[in-house]
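For reference, start.txt (compact mmCIF, C-alpha atoms):
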```txt
# COMPACT_ATOMS: atom_id res chain seq x y z
CA MET A 1 0.00 0.00 0.00
CA ARG A 2 1.14 3.53 -0.73
CA PRO A 3 1.91 5.93 2.15
CA ILE A 4 -1.16 7.66 3.57
CA LYS A 5 -1.19 11.40 2.93
CA GLY A 6 -4.84 12.15 3.71
CA VAL A 7 -7.54 10.88 6.06
CA PHE A 8 -11.24 11.26 5.20
CA PHE A 9 -13.67 10.78 8.08
CA ASP A 10 -17.32 9.89 8.10
CA LEU A 11 -19.26 11.92 10.69
CA GLY A 12 -21.94 10.05 12.69
CA GLY A 13 -20.68 6.88 14.35
CA THR A 14 -17.11 7.84 13.46
CA LEU A 15 -16.12 11.26 14.82
CA PHE A 16 -19.43 11.68 16.65
CA SER A 17 -21.15 9.11 18.85
CA TYR A 18 -24.78 8.07 18.37
CA ARG A 19 -24.97 7.06 22.05
CA GLN A 20 -27.61 9.62 23.02
CA VAL A 21 -29.61 9.46 19.78
CA PRO A 22 -31.97 6.52 20.55
CA ARG A 23 -33.13 8.06 23.83
CA GLN A 24 -33.57 11.48 22.27
CA HIS A 25 -35.56 10.12 19.33
CA ALA A 26 -37.73 8.00 21.63
CA GLU A 27 -38.63 11.18 23.52
CA LEU A 28 -39.44 12.91 20.25
CA LEU A 29 -41.79 10.11 19.19
CA THR A 30 -43.45 10.22 22.62
CA SER A 31 -44.18 13.91 22.01
CA ALA A 32 -45.44 13.12 18.50
CA ALA A 33 -47.81 10.49 19.89
CA ALA A 34 -49.23 13.03 22.33
CA ARG A 35 -49.77 15.51 19.49
CA LEU A 36 -51.64 12.78 17.60
CA GLY A 37 -53.83 12.08 20.62
CA LEU A 38 -52.40 8.60 21.15
CA ALA A 39 -52.53 7.38 24.74
CA ASP A 40 -49.61 4.97 24.22
CA ALA A 41 -46.50 5.93 22.25
CA ARG A 42 -45.20 2.37 21.91
CA PRO A 43 -47.07 1.52 18.67
CA LEU A 44 -45.73 4.69 17.04
CA LYS A 45 -42.16 3.87 18.10
CA LYS A 46 -42.48 0.34 16.73
CA ALA A 47 -43.99 1.68 13.50
CA TYR A 48 -41.08 4.08 13.07
CA GLY A 49 -38.62 1.19 13.20
CA VAL A 50 -40.63 -0.64 10.54
CA ALA A 51 -40.89 2.45 8.33
CA LEU A 52 -37.21 3.32 8.58
CA ALA A 53 -36.10 -0.26 7.85
CA ALA A 54 -38.26 -0.32 4.72
CA LEU A 55 -36.93 3.03 3.52
CA SER A 56 -33.29 2.19 4.25
CA ALA A 57 -33.25 -0.35 1.45
CA SER A 58 -34.87 1.95 -1.12
CA TYR A 59 -32.91 5.06 -0.18
CA GLY A 60 -29.70 3.04 -0.17
CA GLN A 61 -30.15 2.54 -3.91
CA LYS A 62 -30.46 6.25 -4.65
CA THR A 63 -27.40 8.05 -5.98
CA TYR A 64 -28.50 11.20 -4.14
CA TYR A 65 -31.10 12.26 -1.60
CA LEU A 66 -31.57 14.77 1.18
CA HIS A 67 -31.73 13.25 4.64
CA ARG A 68 -34.47 15.71 5.52
CA ASP A 69 -36.61 13.95 2.90
CA LEU A 70 -35.74 10.53 4.32
CA PHE A 71 -36.68 11.56 7.86
CA ARG A 72 -39.89 13.22 6.66
CA GLU A 73 -40.98 10.14 4.71
CA ALA A 74 -40.13 7.79 7.59
CA PHE A 75 -42.16 9.88 10.04
CA GLU A 76 -45.17 10.25 7.76
CA HIS A 77 -45.14 6.53 6.99
CA CYS A 78 -44.94 5.49 10.63
CA VAL A 79 -47.89 7.75 11.44
CA GLU A 80 -49.86 6.06 8.66
CA LEU A 81 -48.98 2.65 10.11
CA VAL A 82 -50.82 3.54 13.34
CA GLY A 83 -53.88 4.71 11.41
CA GLN A 84 -53.21 8.43 11.61
CA ARG A 85 -52.14 11.15 9.17
CA ALA A 86 -49.34 13.65 9.65
CA ASP A 87 -50.49 17.05 8.42
CA ASP A 88 -48.04 19.73 7.29
CA ALA A 89 -47.88 21.35 10.71
CA LEU A 90 -47.04 18.10 12.50
CA THR A 91 -44.43 17.13 9.91
CA HIS A 92 -42.80 20.55 10.12
CA TRP A 93 -42.71 20.32 13.91
CA TYR A 94 -41.16 16.84 13.74
CA LEU A 95 -38.42 17.84 11.29
CA GLU A 96 -37.45 20.91 13.28
CA ALA A 97 -37.45 18.99 16.55
CA HIS A 98 -35.47 16.16 14.92
CA GLN A 99 -32.78 18.56 13.78
CA THR A 100 -32.41 20.42 17.05
CA GLY A 101 -32.94 17.46 19.37
CA VAL A 102 -31.73 14.30 17.70
CA PHE A 103 -28.83 15.79 15.78
CA GLY A 104 -28.15 18.04 18.72
CA SER A 105 -27.54 14.91 20.79
CA LEU A 106 -24.62 13.83 18.60
CA GLU A 107 -21.50 14.16 20.75
CA LEU A 108 -17.84 14.09 19.84
CA LYS A 109 -16.04 10.88 20.73
CA SER A 110 -13.65 11.32 23.62
CA ASP A 111 -10.47 10.96 21.53
CA CYS A 112 -11.73 12.83 18.47
CA LEU A 113 -10.02 16.19 18.98
CA ALA A 114 -6.72 14.69 20.11
CA THR A 115 -6.66 12.37 17.11
CA LEU A 116 -7.44 15.14 14.62
CA LYS A 117 -4.72 17.34 16.14
CA ALA A 118 -2.18 14.50 15.98
CA LEU A 119 -2.98 13.78 12.33
CA ARG A 120 -2.61 17.44 11.43
CA ALA A 121 0.69 17.61 13.34
CA ARG A 122 1.97 14.81 11.10
CA GLY A 123 1.18 16.89 8.03
CA LEU A 124 -1.76 14.82 6.84
CA TYR A 125 -4.69 16.22 4.88
CA VAL A 126 -7.79 15.79 7.10
CA SER A 127 -11.43 16.12 6.10
CA ILE A 128 -15.00 15.14 6.94
CA VAL A 129 -16.94 13.43 4.16
CA SER A 130 -20.49 12.84 5.32
CA ASN A 131 -23.85 11.64 4.06
CA ILE A 132 -25.65 14.54 5.70
CA ASP A 133 -27.41 17.69 4.61
CA ASP A 134 -25.24 20.78 4.38
CA ASP A 135 -26.95 22.78 7.13
CA LEU A 136 -26.45 19.99 9.66
CA LEU A 137 -22.81 19.41 8.80
CA THR A 138 -21.99 23.10 8.90
CA ALA A 139 -23.72 23.48 12.26
CA LEU A 140 -21.88 20.54 13.85
CA VAL A 141 -18.46 21.69 12.58
CA ALA A 142 -19.14 25.17 13.98
CA ARG A 143 -20.54 23.89 17.29
CA GLU A 144 -17.42 21.84 18.01
CA ALA A 145 -14.97 24.36 16.48
CA LEU A 146 -13.58 21.69 14.15
CA GLY A 147 -12.79 24.04 11.28
CA PRO A 148 -9.14 24.74 12.23
CA LEU A 149 -8.48 20.98 12.41
CA LEU A 150 -9.82 20.23 8.92
CA ASP A 151 -8.73 20.96 5.36
CA HIS A 152 -12.32 20.59 4.17
CA TRP A 153 -15.70 19.23 5.15
CA THR A 154 -18.15 18.06 2.53
CA SER A 155 -21.79 17.04 2.69
CA SER A 156 -23.60 14.79 0.27
CA GLU A 157 -25.79 17.80 -0.48
CA GLU A 158 -22.76 19.80 -1.68
CA ALA A 159 -21.55 16.88 -3.80
CA GLN A 160 -25.08 16.10 -5.05
CA SER A 161 -24.19 12.47 -4.47
CA CYS A 162 -24.44 10.08 -1.51
CA LYS A 163 -22.10 7.36 -0.34
CA PRO A 164 -21.46 4.65 -1.49
CA HIS A 165 -21.81 6.11 -4.99
CA ARG A 166 -18.63 7.07 -6.77
CA GLY A 167 -19.58 10.67 -7.46
CA PHE A 168 -19.34 11.68 -3.80
CA PHE A 169 -15.94 10.08 -3.27
CA GLU A 170 -14.56 11.55 -6.48
CA HIS A 171 -15.87 15.03 -5.59
CA CYS A 172 -14.03 14.93 -2.26
CA ARG A 173 -10.88 13.39 -3.72
CA ARG A 174 -10.67 16.24 -6.24
CA LYS A 175 -10.97 18.79 -3.43
CA SER A 176 -7.99 17.20 -1.69
CA GLY A 177 -5.85 16.91 -4.83
CA LEU A 178 -4.60 13.53 -3.58
CA PRO A 179 -4.51 10.23 -5.46
CA ALA A 180 -7.17 7.83 -4.14
CA ALA A 181 -4.51 5.29 -3.15
CA GLU A 182 -2.97 7.79 -0.69
CA ILE A 183 -6.26 8.45 1.16
CA LEU A 184 -7.42 6.48 4.19
CA PHE A 185 -11.21 6.53 4.52
CA VAL A 186 -12.51 6.01 8.06
CA GLY A 187 -16.16 5.18 8.69
CA ASP A 188 -18.57 2.99 10.64
CA SER A 189 -20.71 1.81 7.71
CA PRO A 190 -19.54 -1.22 5.73
CA GLU A 191 -22.10 -0.49 3.00
CA HIS A 192 -21.65 3.28 2.67
CA ASP A 193 -18.09 4.04 3.76
CA ILE A 194 -15.98 0.95 3.19
CA GLU A 195 -17.65 -0.27 0.00
CA GLY A 196 -17.62 3.14 -1.68
CA ALA A 197 -14.07 4.04 -0.67
CA ALA A 198 -12.65 0.67 -1.67
CA ALA A 199 -14.26 0.94 -5.10
CA MET A 200 -12.38 4.23 -5.56
CA GLY A 201 -9.08 2.61 -4.64
CA MET A 202 -8.84 4.30 -1.24
CA GLN A 203 -7.47 2.56 1.82
CA THR A 204 -10.14 1.80 4.44
CA ALA A 205 -10.60 1.61 8.20
CA LEU A 206 -13.89 0.45 9.75
CA VAL A 207 -14.92 1.85 13.13
CA ARG A 208 -16.65 -0.74 15.32
CA ASN A 209 -19.14 0.71 17.80
CA VAL A 210 -20.13 -2.01 20.25
CA GLY A 211 -23.90 -2.20 20.67
CA MET A 212 -24.50 0.61 18.18
CA PRO A 213 -24.85 -0.66 14.58
CA PRO A 214 -24.58 1.92 11.80
CA PRO A 215 -27.91 3.33 10.58
CA LEU A 216 -29.54 2.92 7.17
CA GLN A 217 -27.96 -0.40 6.29
CA ALA A 218 -29.73 -2.43 3.62
CA GLY A 219 -28.18 -5.73 4.70
CA ARG A 220 -26.20 -6.31 1.52
CA ALA A 221 -22.73 -7.82 1.54
CA SER A 222 -19.79 -5.44 1.51
CA VAL A 223 -16.05 -5.65 1.03
CA ALA A 224 -13.76 -6.27 4.00
CA PRO A 225 -11.94 -3.22 5.40
CA GLN A 226 -8.15 -3.18 5.45
CA HIS A 227 -8.19 -2.04 9.08
CA THR A 228 -10.70 -2.29 11.92
CA ILE A 229 -10.54 0.00 14.95
CA GLY A 230 -12.50 0.54 18.13
CA GLN A 231 -11.01 3.92 19.06
CA LEU A 232 -10.00 6.81 16.83
CA HIS A 233 -6.50 7.10 18.31
CA GLU A 234 -5.70 3.66 16.83
CA LEU A 235 -5.44 5.44 13.49
CA LEU A 236 -2.12 6.96 14.54
CA ALA A 237 -0.42 3.56 14.35
CA ILE A 238 -2.00 2.93 10.95
CA VAL A 239 -0.90 6.17 9.29
CA GLY A 240 2.61 5.99 10.79
CA PRO A 241 4.89 8.76 12.05
```

Take the structure in the file and give it back as C-alpha cells.
Amino acid sequence: MRPIKGVFFDLGGTLFSYRQVPRQHAELLTSAAARLGLADARPLKKAYGVALAALSASYGQKTYYLHRDLFREAFEHCVELVGQRADDALTHWYLEAHQTGVFGSLELKSDCLATLKALRARGLYVSIVSNIDDDLLTALVAREALGPLLDHWTSSEEAQSCKPHRGFFEHCRRKSGLPAAEILFVGDSPEHDIEGAAAMGMQTALVRNVGMPPPLQAGRASVAPQHTIGQLHELLAIVGP
C-alpha cells in the first residue's frame, strides 16, 4: 500500500457518537404520539422502526437524496402505520425537533479532537466526508470548532451524491488533490463508507461501535476493510509517524 497522505472521516458513528440518539428520538416520538392524541407511544415507536427499515433499502439505492426527505418520509409513513395522518404542521414540527434534538444529541467521541490534532501535526490532509445535509454538517463543525483541524468538510448535499456512490468520493478526492490510493477513509458503515471508498481505490478503516450498529444499512454484503478499529486514536499507528 502507498503511504497515507490524507484521512477522510465519516461523521456520525465515526467522529461523533450516536450514544444519546436513541433516547432522544424516543422522547421525540413520545411527544409526537401526544400531538396525535395517542394514549400509548409504543405503537408509534415500533412503527417508526418498521418504516425506517423499509426506507433504508430503497434510499440506499439512490445516488443522491436529502436526509431531511428521508426523515420526513419515515415519520409520515410510521404515522400512517398507526392509522393516523401527519399534516403539514405536524411534519414541520417533527423535522425541526429532529434537527435540534436528535442531531443536537450527537457528541464528539472522547479521543476525536486529540486524534485530529495529531494527524494534522503529522502533516496529513484531514477532512469530513459525510452523508448529511449541508446545514447539519456546517452546524456541527461550527458547534465543536472543528474548522481549524480540517482541510475541508463536505456534505452529500454539496456533492449532489451520496455514499457509497462514486460521485461523492470523487468530488471529495478532487478537493484534496490527492490520489485515491494515498487516502485512508474512516467510517462505521460497511455499505456506505468501506464499500464506496474501496471501489475508488482508497485505503479503508472500519470503526466498530459495540452495541451501536450503523444506521440505514440495507443488509447487503460489503467488502472487507483493510483495518478495523474501536477507538480513533488507533489510526495513529495505521498512518505511521

Proximity to A:Ala199 - best of A:Arg85, A:Lys163, A:Lys62, A:Arg42, only C-alpha atoms:
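The answer is A:Lys163, which sits nearest to A:Ala199.
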
Using only C-alpha atoms, which of A:Leu113, A:Leu28, A:Ile132, A:Met202 sits nearest A:Pro179?
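The closest residue to A:Pro179 is A:Met202.
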
Surrounding residues of A:Pro214 excluding itself and chain neighbours under 4 positions, 8 Å, all atoms listed in the file, as a count of residues only:
3

Nearest to A:Thr14: which of A:Ser222, A:Ser110, A:Gln203, A:Gln160 is it, counting only C-alpha atoms?
A:Ser110

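For the atom pair formed by atom CA of A:Leu29 and atom CA of A:Ala97, the distance is 10.2 Å, given to one decimal.
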
Would you write out, as CSV, a table of all residues in stretch 106-160 of chain A that have an atom no more than 8 Å from an atom of stretch 228-233 of chain A, listing for each the closest atom pair and the distance in Å to one decimal, considering all atoms listed in the file and ordering rows by chain and rising residue number?
```
residue,atom,partner,partner_atom,distance
A:Asp111,CA,A:Leu232,CA,6.3
A:Cys112,CA,A:Leu232,CA,6.5
A:Ala114,CA,A:His233,CA,7.8
A:Thr115,CA,A:His233,CA,5.4
```

So how many Å separate atom CA of A:Ala74 and atom CA of A:Asp10, to one decimal?
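We find that atom CA of A:Ala74 and atom CA of A:Asp10 lie 22.9 Å from each other.
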
Residue contacts of stretch 134-136 of chain A (8 Å, all atoms listed in the file) excluding same-chain residues fewer than 6 positions away, as JSON, numbers by chain:
{"A": [99, 103, 154, 155, 156, 157, 158]}

Figure out the distance between atom CA of A:Thr100 and atom CA of A:Asp40, please, to one decimal in Å.
24.2 Å

What's the 10 Å shell around A:Ala39, counting all atoms listed in the file, without same-chain residues fewer than 5 positions away, as a PyMOL selection string?
chain A and resi 30+33-34

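Distance check against A:Ala51 using all atoms listed in the file: of A:Leu146, A:Tyr65, A:Glu76, A:His165, the minimum falls on A:Glu76.
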
With only C-alpha atoms as the counted atoms, please give the residues lying no more than 12 Å from A:Arg120, apart from itself and same-chain residues fewer than 6 positions off, as a ChimeraX atom specification.
/A:5-7,113-114,126-127,148-151,236,239,241

Create the file for the chosen residues now, containing C-alpha atoms and written as a PDB file, in the frame of the given file.
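Okay, this is what ended up in part_0.pdb:
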```pdb
ATOM      1  CA  LYS A   5      -1.190  11.400   2.930  1.00  0.00           C
ATOM      2  CA  GLY A   6      -4.840  12.150   3.710  1.00  0.00           C
ATOM      3  CA  VAL A   7      -7.540  10.880   6.060  1.00  0.00           C
ATOM      4  CA  LEU A 113     -10.020  16.190  18.980  1.00  0.00           C
ATOM      5  CA  ALA A 114      -6.720  14.690  20.110  1.00  0.00           C
ATOM      6  CA  VAL A 126      -7.790  15.790   7.100  1.00  0.00           C
ATOM      7  CA  SER A 127     -11.430  16.120   6.100  1.00  0.00           C
ATOM      8  CA  PRO A 148      -9.140  24.740  12.230  1.00  0.00           C
ATOM      9  CA  LEU A 149      -8.480  20.980  12.410  1.00  0.00           C
ATOM     10  CA  LEU A 150      -9.820  20.230   8.920  1.00  0.00           C
ATOM     11  CA  ASP A 151      -8.730  20.960   5.360  1.00  0.00           C
ATOM     12  CA  LEU A 236      -2.120   6.960  14.540  1.00  0.00           C
ATOM     13  CA  VAL A 239      -0.900   6.170   9.290  1.00  0.00           C
ATOM     14  CA  PRO A 241       4.890   8.760  12.050  1.00  0.00           C
TER      15      PRO A 241
END
```
